[in-house]
Amino acid sequence: MDNDLRSFDAIRPFEPEELPEVYDRLMNDPQFLKIVAFLYPGVPPEAISAKMHAQKTNLDFQKAFCYEFLKDLLSKASTGCDMDVESIDINGRYTFVSNHRDIVLDSALLDKLLFDLGFTTTCEIAIGDNLLAAPWIKDLVRINKSFIVERSPGIREMLASSKRMSNYMHYVIGRKKDNIWIAQREGRAKDSNDRTQASLLKMMAMGGEGTVVERLMQLHIVPLAISYEYDPCDFLKAEEMQLVRDVEGWKKSKADDIRSMKTGILGYKGRIHYHCAPCIDEMLRNLDPATPKTELFDLIAAHIDSQIHRHYAIYPNNIVALDMLQGTPRDRSKATPEQWDRFEQYLEQQLSKITIEGRDEAFLRERMLTMYANPLINHNAVR
């Protein structure tokens with residue numbers, strides 16, 4: 001392992017030579033063994049351990065364990081998952097910047113789809129340390145090519161950690177020749193109004209060499225639009241928005257995060273579509289060199305947003321939700337009566353899962369409808 005990589009020890013994925021020790025640590029963790037018993041009923045732990053130790057690289061582990069799990073999951077929890085990569089070269093290496101719908105699956109499904117489409121590698125995944133609720137989770141995600149985004153330091157520490165993460169991202173693209181996935185903002189957009197944070201781009205430009213534009217070009221950023229027909233966590237997001245509104249100082253707990261992760265993974269998603277917009281290198285190359293730095297990041301963020309919004313898959317749910325919000329009569333809708341009825345029934349079913357004290361039915365319904373309407377509103381704005 002080279003010294004440059006050693007400087008990222010606190011955040012990087014495990015290297016192949018480190019895997020056997022981590023496998024042993026996992027197989028001695030009681031919580032992890034419970035997960036294994038749930039996923040592989042009747043399979044002796046010794047057999048799981050032997051299979052793990054047979055995987056010599058992170059990519060081997062993903063193929064042996066993650067790919068089959070996701071394939072099985074999609075057969076039960078979706079009606080199809082596909083990806084459009086016509087705008088990029090499958091032999092290239094990119095930083096995929098996407099909207100963020102599901103805590104775990106956004107990046108996990110991207111890895112599976114890259115395999116399916118003939119990419120020779122997957123992605124290194126940016127994951128917030130707030131999600132690493134137990135030691136075995138931290139170990140598992142680092143086996144699965146994740147690097148850690150440190151959320152909690154003070155301002156001085158935050159600058160240092162941002163600089164280190166940016167340097168690592170440049171190392172991944174330039175030296176390791178791998179891909180990266182990172183969400184366009186910290187946390188999911190609860191109302192699906194997806195906007196790229198300029199601060200994300202500022203962080204990316206801390207690493208590399210040259211001007212801001214040259215540093216961003218070195219990462220080969222590809223806007224990635226992710227569209228789920230149904231969001232299994234929609235009722236949890238609506239519930240969270242009411243709690244934030246009504247309970248002073250309310251914040252999600254680690255238990256809330258785990259509940260969202262489990263619901264997002266196992267819940268029904270309908271159709272799923274991933275769409276790669278063109279790499280923004282050409283757009284960056286054509287920017288006016290005189291553009292003030294204060295405007296530059298907002299300009300680039302707006303371009304990424306427009307590309308994500310343009311390439312959403314629009315489902316009947318989005319149409320019905322917008323019609324309901326705007327008061328459009330059913331007989332004037334572009335959705336069929338059957339599609340309208342299906343979404344209305346789904347909405348009632350999801351709302352019934354919210355049992356918080358002081359439940360505000362009208363607010364929760366409006367929040368749920370907005371989640372499904374916003375992708376269509378933003379899509380229409382850039383067509």
# chains A, B, ... in the order shown; residues from 1 in each chain; ligands from 1

$ residues_around --residues "Glu18 of chain A" --least-positions-apart "5" --cutoff "12 Å" --atoms "only C-alpha atoms" --output "MDAnalysis selection string"
chainID A and resid 1 9 12:13 23:25 53 55:58 139 142:143

$ closest_atom_pairs --of "segment 76-125 of chain A" --to "segment 244-260 of chain A" --cutoff "12 Å" --atoms "only C-alpha atoms" --output "CSV"
residue,atom,partner,partner_atom,distance
A:Arg101,CA,A:Ser260,CA,11.1
A:Asp102,CA,A:Ser260,CA,8.5
A:Ile103,CA,A:Ser260,CA,7.6
A:Val104,CA,A:Ser260,CA,9.4
A:Leu105,CA,A:Ser260,CA,11.4

$ write_last_selection --atoms "N, CA and C atoms" --output "compact mmCIF listing (two decimals), in the first residue's frame"
# COMPACT_ATOMS: atom_id res chain seq x y z
N ARG A 101 -32.59 9.42 -3.37
CA ARG A 101 -33.91 8.94 -2.98
C ARG A 101 -33.83 7.96 -1.82
N ASP A 102 -32.92 6.98 -1.92
CA ASP A 102 -32.86 5.92 -0.93
C ASP A 102 -31.47 5.88 -0.30
N ILE A 103 -31.42 5.76 1.03
CA ILE A 103 -30.16 5.83 1.77
C ILE A 103 -29.15 4.80 1.27
N VAL A 104 -29.60 3.57 1.06
CA VAL A 104 -28.70 2.48 0.69
C VAL A 104 -28.74 2.17 -0.80
N LEU A 105 -29.94 2.10 -1.36
CA LEU A 105 -30.08 1.51 -2.69
C LEU A 105 -29.62 2.39 -3.84

$ residues_around --residues "segment 311-314 of chain A" --least-positions-apart "3" --cutoff "6 Å" --atoms "only C-alpha atoms" --output "short mmCIF file (atom, residue, chain, number, x, y, z; two decimals) with C-alpha atoms, in the first residue's frame"
data_model
loop_
_atom_site.label_atom_id
_atom_site.label_comp_id
_atom_site.auth_asym_id
_atom_site.auth_seq_id
_atom_site.Cartn_x
_atom_site.Cartn_y
_atom_site.Cartn_z
CA ALA A 225 -31.02 11.02 -12.55
CA SER A 227 -36.33 7.72 -10.60
CA ILE A 308 -30.95 15.55 -13.64
#

$ residues_around --residues "His100 of chain A" --least-positions-apart "5" --cutoff "7 Å" --atoms "only C-alpha atoms" --output "MDAnalysis selection string"
chainID A and resid 106 183 188:189

$ select_by_dssp --residues "segment 30-262 of chain A" --states "alpha helix (DSSP H)" --output "number ranges by chain"
A: 30-39, 45-53, 58-61, 67-77, 105-116, 135-143, 155-171, 198-204, 212-217, 234-246, 254-262

$ residues_around --residues "Ile221 of chain A" --least-positions-apart "2" --cutoff "8 Å" --atoms "only C-alpha atoms" --output "list in words"
Tyr94, Thr95, Phe96, Val97, Leu216, Met217, Leu219, Pro223, Cys279, Ile280 and Asp281 of chain A

$ residues_around --residues "Ile226 of chain A" --least-positions-apart "3" --cutoff "7 Å" --atoms "only C-alpha atoms" --output "list in words"
Ser98, Asn99, His273, Tyr274, His275 and Tyr312 of chain A

$ residues_around --residues "Glu239 of chain A" --least-positions-apart "3" --cutoff "12 Å" --atoms "only C-alpha atoms" --output "number ranges by chain"
A: 190-191, 233-236, 242-247, 250, 252, 256, 260, 350-361, 363-368

$ write_last_selection --atoms "C-alpha atoms" --output "short mmCIF file (atom, residue, chain, number, x, y, z; two decimals), in the first residue's frame"
data_model
loop_
_atom_site.label_atom_id
_atom_site.label_comp_id
_atom_site.auth_asym_id
_atom_site.auth_seq_id
_atom_site.Cartn_x
_atom_site.Cartn_y
_atom_site.Cartn_z
CA LYS A 190 -37.49 14.92 1.57
CA ASP A 191 -39.81 16.67 -0.90
CA CYS A 233 -39.94 5.78 2.65
CA ASP A 234 -42.44 8.42 1.49
CA PHE A 235 -44.56 8.12 4.65
CA LEU A 236 -41.46 8.28 6.87
CA GLN A 242 -44.37 17.09 10.60
CA LEU A 243 -42.11 16.28 13.55
CA VAL A 244 -39.61 18.94 12.44
CA ARG A 245 -42.51 21.41 12.15
CA ASP A 246 -44.15 20.58 15.50
CA VAL A 247 -41.42 19.43 17.89
CA TRP A 250 -36.45 17.34 16.88
CA LYS A 252 -33.52 11.93 13.67
CA ASP A 256 -34.71 6.41 12.78
CA SER A 260 -35.42 4.27 7.00
CA GLN A 350 -49.02 4.91 3.04
CA LEU A 351 -50.69 7.67 5.07
CA SER A 352 -52.31 5.05 7.31
CA LYS A 353 -48.81 3.95 8.39
CA ILE A 354 -48.20 7.30 10.11
CA THR A 355 -49.28 7.05 13.74
CA ILE A 356 -47.52 9.99 15.42
CA GLU A 357 -49.26 12.02 18.10
CA GLY A 358 -51.10 15.07 16.73
CA ARG A 359 -51.22 13.58 13.24
CA ASP A 360 -52.00 16.39 10.75
CA GLU A 361 -53.79 14.59 7.92
CA PHE A 363 -50.30 18.46 6.00
CA LEU A 364 -49.11 14.88 5.60
CA ARG A 365 -51.20 14.39 2.45
CA GLU A 366 -49.88 17.61 0.92
CA ARG A 367 -46.29 16.60 1.73
CA MET A 368 -46.77 13.17 0.14
#

$ atom_distance --atom1 "atom CA of Met261 of chain A" --atom2 "atom CA of Gln31 of chain A"
16.3 Å

$ closest_residue --among "A:Ala47, A:Asp231, A:Ala277, A:Ala373" --to "Leu325 of chain A" --atoms "only C-alpha atoms"
A:Ala373

$ select_by_dssp --residues "segment 63-216 of chain A" --states "strand (DSSP E or B)" --output "ChimeraX atom specification"
/A:78-84,95-98,123-128,146-149,179-183

$ atom_distance --atom1 "atom CA of Cys81 of chain A" --atom2 "atom CA of Ile48 of chain A"
28.2 Å

$ closest_atom_pairs --of "segment 292-313 of chain A" --to "segment 198-215 of chain A" --cutoff "10 Å" --atoms "only C-alpha atoms" --output "JSON lines"
{"residue": "A:Lys293", "atom": "CA", "partner": "A:Val212", "partner_atom": "CA", "distance": 8.4}
{"residue": "A:Glu295", "atom": "CA", "partner": "A:Ala198", "partner_atom": "CA", "distance": 9.8}
{"residue": "A:Leu296", "atom": "CA", "partner": "A:Val213", "partner_atom": "CA", "distance": 8.8}
{"residue": "A:Phe297", "atom": "CA", "partner": "A:Ala198", "partner_atom": "CA", "distance": 5.4}
{"residue": "A:Asp298", "atom": "CA", "partner": "A:Ala198", "partner_atom": "CA", "distance": 5.7}
{"residue": "A:Leu299", "atom": "CA", "partner": "A:Ala198", "partner_atom": "CA", "distance": 8.9}
{"residue": "A:Ile300", "atom": "CA", "partner": "A:Ala198", "partner_atom": "CA", "distance": 8.1}
{"residue": "A:Ala301", "atom": "CA", "partner": "A:Ala198", "partner_atom": "CA", "distance": 6.0}
{"residue": "A:Ala302", "atom": "CA", "partner": "A:Ala198", "partner_atom": "CA", "distance": 9.0}

$ atom_distance --atom1 "atom CA of Pro278 of chain A" --atom2 "atom CA of Val85 of chain A"
8.9 Å

$ closest_atom_pairs --of "segment 248-345 of chain A" --to "segment 374-382 of chain A" --cutoff "6 Å" --atoms "only C-alpha atoms" --output "JSON lines"
{"residue": "A:His309", "atom": "CA", "partner": "A:His379", "partner_atom": "CA", "distance": 4.8}
{"residue": "A:Arg310", "atom": "CA", "partner": "A:His379", "partner_atom": "CA", "distance": 5.3}
{"residue": "A:Asn318", "atom": "CA", "partner": "A:Leu376", "partner_atom": "CA", "distance": 6.0}

$ write_last_selection --atoms "C-alpha atoms" --output "PDB file, in the first residue's frame"
ATOM      1  CA  HIS A 309     -34.407  17.102 -14.024  1.00  0.00           C
ATOM      2  CA  ARG A 310     -34.394  16.604 -17.794  1.00  0.00           C
ATOM      3  CA  ASN A 318     -46.123  11.974 -10.774  1.00  0.00           C
TER       4      ASN A 318
END

$ decode --residues "segment 31-43 of chain A" --atoms "all heavy atoms" --output "PDB file, in the first residue's frame"
ATOM      1  N   GLN A  31     -24.046  -9.180  16.266  1.00  0.00           N
ATOM      2  CA  GLN A  31     -25.076  -8.489  15.479  1.00  0.00           C
ATOM      3  C   GLN A  31     -24.986  -8.865  14.011  1.00  0.00           C
ATOM      4  O   GLN A  31     -26.000  -9.122  13.356  1.00  0.00           O
ATOM      5  CB  GLN A  31     -24.930  -6.978  15.638  1.00  0.00           C
ATOM      6  CG  GLN A  31     -25.405  -6.430  16.968  1.00  0.00           C
ATOM      7  CD  GLN A  31     -25.324  -4.906  17.006  1.00  0.00           C
ATOM      8  OE1 GLN A  31     -24.275  -4.313  16.753  1.00  0.00           O
ATOM      9  NE2 GLN A  31     -26.424  -4.276  17.326  1.00  0.00           N
ATOM     10  N   PHE A  32     -23.767  -8.914  13.489  1.00  0.00           N
ATOM     11  CA  PHE A  32     -23.595  -9.287  12.086  1.00  0.00           C
ATOM     12  C   PHE A  32     -24.058 -10.722  11.846  1.00  0.00           C
ATOM     13  O   PHE A  32     -24.693 -11.012  10.830  1.00  0.00           O
ATOM     14  CB  PHE A  32     -22.128  -9.129  11.676  1.00  0.00           C
ATOM     15  CG  PHE A  32     -21.864  -9.516  10.241  1.00  0.00           C
ATOM     16  CD1 PHE A  32     -22.270  -8.692   9.202  1.00  0.00           C
ATOM     17  CD2 PHE A  32     -21.218 -10.703   9.931  1.00  0.00           C
ATOM     18  CE1 PHE A  32     -22.048  -9.054   7.877  1.00  0.00           C
ATOM     19  CE2 PHE A  32     -20.990 -11.068   8.616  1.00  0.00           C
ATOM     20  CZ  PHE A  32     -21.404 -10.234   7.575  1.00  0.00           C
ATOM     21  N   LEU A  33     -23.759 -11.610  12.783  1.00  0.00           N
ATOM     22  CA  LEU A  33     -24.172 -13.006  12.622  1.00  0.00           C
ATOM     23  C   LEU A  33     -25.690 -13.145  12.588  1.00  0.00           C
ATOM     24  O   LEU A  33     -26.233 -14.020  11.898  1.00  0.00           O
ATOM     25  CB  LEU A  33     -23.579 -13.860  13.743  1.00  0.00           C
ATOM     26  CG  LEU A  33     -22.052 -14.071  13.670  1.00  0.00           C
ATOM     27  CD1 LEU A  33     -21.564 -14.843  14.898  1.00  0.00           C
ATOM     28  CD2 LEU A  33     -21.678 -14.814  12.381  1.00  0.00           C
ATOM     29  N   LYS A  34     -26.411 -12.270  13.332  1.00  0.00           N
ATOM     30  CA  LYS A  34     -27.881 -12.291  13.270  1.00  0.00           C
ATOM     31  C   LYS A  34     -28.370 -11.901  11.874  1.00  0.00           C
ATOM     32  O   LYS A  34     -29.328 -12.483  11.356  1.00  0.00           O
ATOM     33  CB  LYS A  34     -28.456 -11.337  14.319  1.00  0.00           C
ATOM     34  CG  LYS A  34     -28.343 -11.831  15.751  1.00  0.00           C
ATOM     35  CD  LYS A  34     -28.965 -10.833  16.724  1.00  0.00           C
ATOM     36  CE  LYS A  34     -28.829 -11.313  18.156  1.00  0.00           C
ATOM     37  NZ  LYS A  34     -29.386 -10.340  19.132  1.00  0.00           N
ATOM     38  N   ILE A  35     -27.722 -10.900  11.274  1.00  0.00           N
ATOM     39  CA  ILE A  35     -28.077 -10.483   9.916  1.00  0.00           C
ATOM     40  C   ILE A  35     -27.816 -11.619   8.935  1.00  0.00           C
ATOM     41  O   ILE A  35     -28.637 -11.916   8.058  1.00  0.00           O
ATOM     42  CB  ILE A  35     -27.269  -9.234   9.506  1.00  0.00           C
ATOM     43  CG1 ILE A  35     -27.549  -8.053  10.445  1.00  0.00           C
ATOM     44  CG2 ILE A  35     -27.558  -8.847   8.058  1.00  0.00           C
ATOM     45  CD1 ILE A  35     -28.963  -7.548  10.419  1.00  0.00           C
ATOM     46  N   VAL A  36     -26.684 -12.279   9.084  1.00  0.00           N
ATOM     47  CA  VAL A  36     -26.320 -13.395   8.208  1.00  0.00           C
ATOM     48  C   VAL A  36     -27.343 -14.523   8.329  1.00  0.00           C
ATOM     49  O   VAL A  36     -27.784 -15.097   7.324  1.00  0.00           O
ATOM     50  CB  VAL A  36     -24.899 -13.909   8.553  1.00  0.00           C
ATOM     51  CG1 VAL A  36     -24.621 -15.247   7.862  1.00  0.00           C
ATOM     52  CG2 VAL A  36     -23.855 -12.880   8.130  1.00  0.00           C
ATOM     53  N   ALA A  37     -27.750 -14.824   9.562  1.00  0.00           N
ATOM     54  CA  ALA A  37     -28.735 -15.895   9.778  1.00  0.00           C
ATOM     55  C   ALA A  37     -30.075 -15.554   9.135  1.00  0.00           C
ATOM     56  O   ALA A  37     -30.781 -16.436   8.633  1.00  0.00           O
ATOM     57  CB  ALA A  37     -28.915 -16.140  11.279  1.00  0.00           C
ATOM     58  N   PHE A  38     -30.424 -14.248   9.143  1.00  0.00           N
ATOM     59  CA  PHE A  38     -31.677 -13.811   8.507  1.00  0.00           C
ATOM     60  C   PHE A  38     -31.584 -13.918   6.987  1.00  0.00           C
ATOM     61  O   PHE A  38     -32.519 -14.370   6.317  1.00  0.00           O
ATOM     62  CB  PHE A  38     -31.977 -12.372   8.918  1.00  0.00           C
ATOM     63  CG  PHE A  38     -33.139 -11.751   8.192  1.00  0.00           C
ATOM     64  CD1 PHE A  38     -34.455 -12.086   8.505  1.00  0.00           C
ATOM     65  CD2 PHE A  38     -32.931 -10.826   7.164  1.00  0.00           C
ATOM     66  CE1 PHE A  38     -35.517 -11.528   7.834  1.00  0.00           C
ATOM     67  CE2 PHE A  38     -33.996 -10.256   6.479  1.00  0.00           C
ATOM     68  CZ  PHE A  38     -35.301 -10.607   6.819  1.00  0.00           C
ATOM     69  N   LEU A  39     -30.443 -13.498   6.431  1.00  0.00           N
ATOM     70  CA  LEU A  39     -30.281 -13.494   4.977  1.00  0.00           C
ATOM     71  C   LEU A  39     -30.051 -14.886   4.408  1.00  0.00           C
ATOM     72  O   LEU A  39     -30.461 -15.177   3.274  1.00  0.00           O
ATOM     73  CB  LEU A  39     -29.113 -12.586   4.581  1.00  0.00           C
ATOM     74  CG  LEU A  39     -29.289 -11.088   4.841  1.00  0.00           C
ATOM     75  CD1 LEU A  39     -28.003 -10.334   4.508  1.00  0.00           C
ATOM     76  CD2 LEU A  39     -30.450 -10.530   4.015  1.00  0.00           C
ATOM     77  N   TYR A  40     -29.374 -15.734   5.178  1.00  0.00           N
ATOM     78  CA  TYR A  40     -29.031 -17.077   4.702  1.00  0.00           C
ATOM     79  C   TYR A  40     -29.497 -18.126   5.701  1.00  0.00           C
ATOM     80  O   TYR A  40     -28.679 -18.765   6.379  1.00  0.00           O
ATOM     81  CB  TYR A  40     -27.516 -17.186   4.489  1.00  0.00           C
ATOM     82  CG  TYR A  40     -26.952 -16.165   3.531  1.00  0.00           C
ATOM     83  CD1 TYR A  40     -26.311 -15.020   4.008  1.00  0.00           C
ATOM     84  CD2 TYR A  40     -27.053 -16.334   2.156  1.00  0.00           C
ATOM     85  CE1 TYR A  40     -25.792 -14.071   3.137  1.00  0.00           C
ATOM     86  CE2 TYR A  40     -26.542 -15.396   1.274  1.00  0.00           C
ATOM     87  CZ  TYR A  40     -25.914 -14.264   1.772  1.00  0.00           C
ATOM     88  OH  TYR A  40     -25.410 -13.321   0.901  1.00  0.00           O
ATOM     89  N   PRO A  41     -30.818 -18.287   5.835  1.00  0.00           N
ATOM     90  CA  PRO A  41     -31.341 -19.239   6.831  1.00  0.00           C
ATOM     91  C   PRO A  41     -30.850 -20.661   6.553  1.00  0.00           C
ATOM     92  O   PRO A  41     -30.878 -21.125   5.406  1.00  0.00           O
ATOM     93  CB  PRO A  41     -32.865 -19.121   6.656  1.00  0.00           C
ATOM     94  CG  PRO A  41     -33.068 -18.519   5.296  1.00  0.00           C
ATOM     95  CD  PRO A  41     -31.894 -17.650   5.045  1.00  0.00           C
ATOM     96  N   GLY A  42     -30.381 -21.306   7.615  1.00  0.00           N
ATOM     97  CA  GLY A  42     -29.938 -22.694   7.481  1.00  0.00           C
ATOM     98  C   GLY A  42     -28.519 -22.869   6.993  1.00  0.00           C
ATOM     99  O   GLY A  42     -28.004 -23.995   6.980  1.00  0.00           O
ATOM    100  N   VAL A  43     -27.865 -21.773   6.600  1.00  0.00           N
ATOM    101  CA  VAL A  43     -26.477 -21.876   6.118  1.00  0.00           C
ATOM    102  C   VAL A  43     -25.542 -21.691   7.309  1.00  0.00           C
ATOM    103  O   VAL A  43     -25.606 -20.676   8.008  1.00  0.00           O
ATOM    104  CB  VAL A  43     -26.172 -20.818   5.040  1.00  0.00           C
ATOM    105  CG1 VAL A  43     -24.720 -20.943   4.571  1.00  0.00           C
ATOM    106  CG2 VAL A  43     -27.135 -20.942   3.871  1.00  0.00           C
TER     107      VAL A  43
END
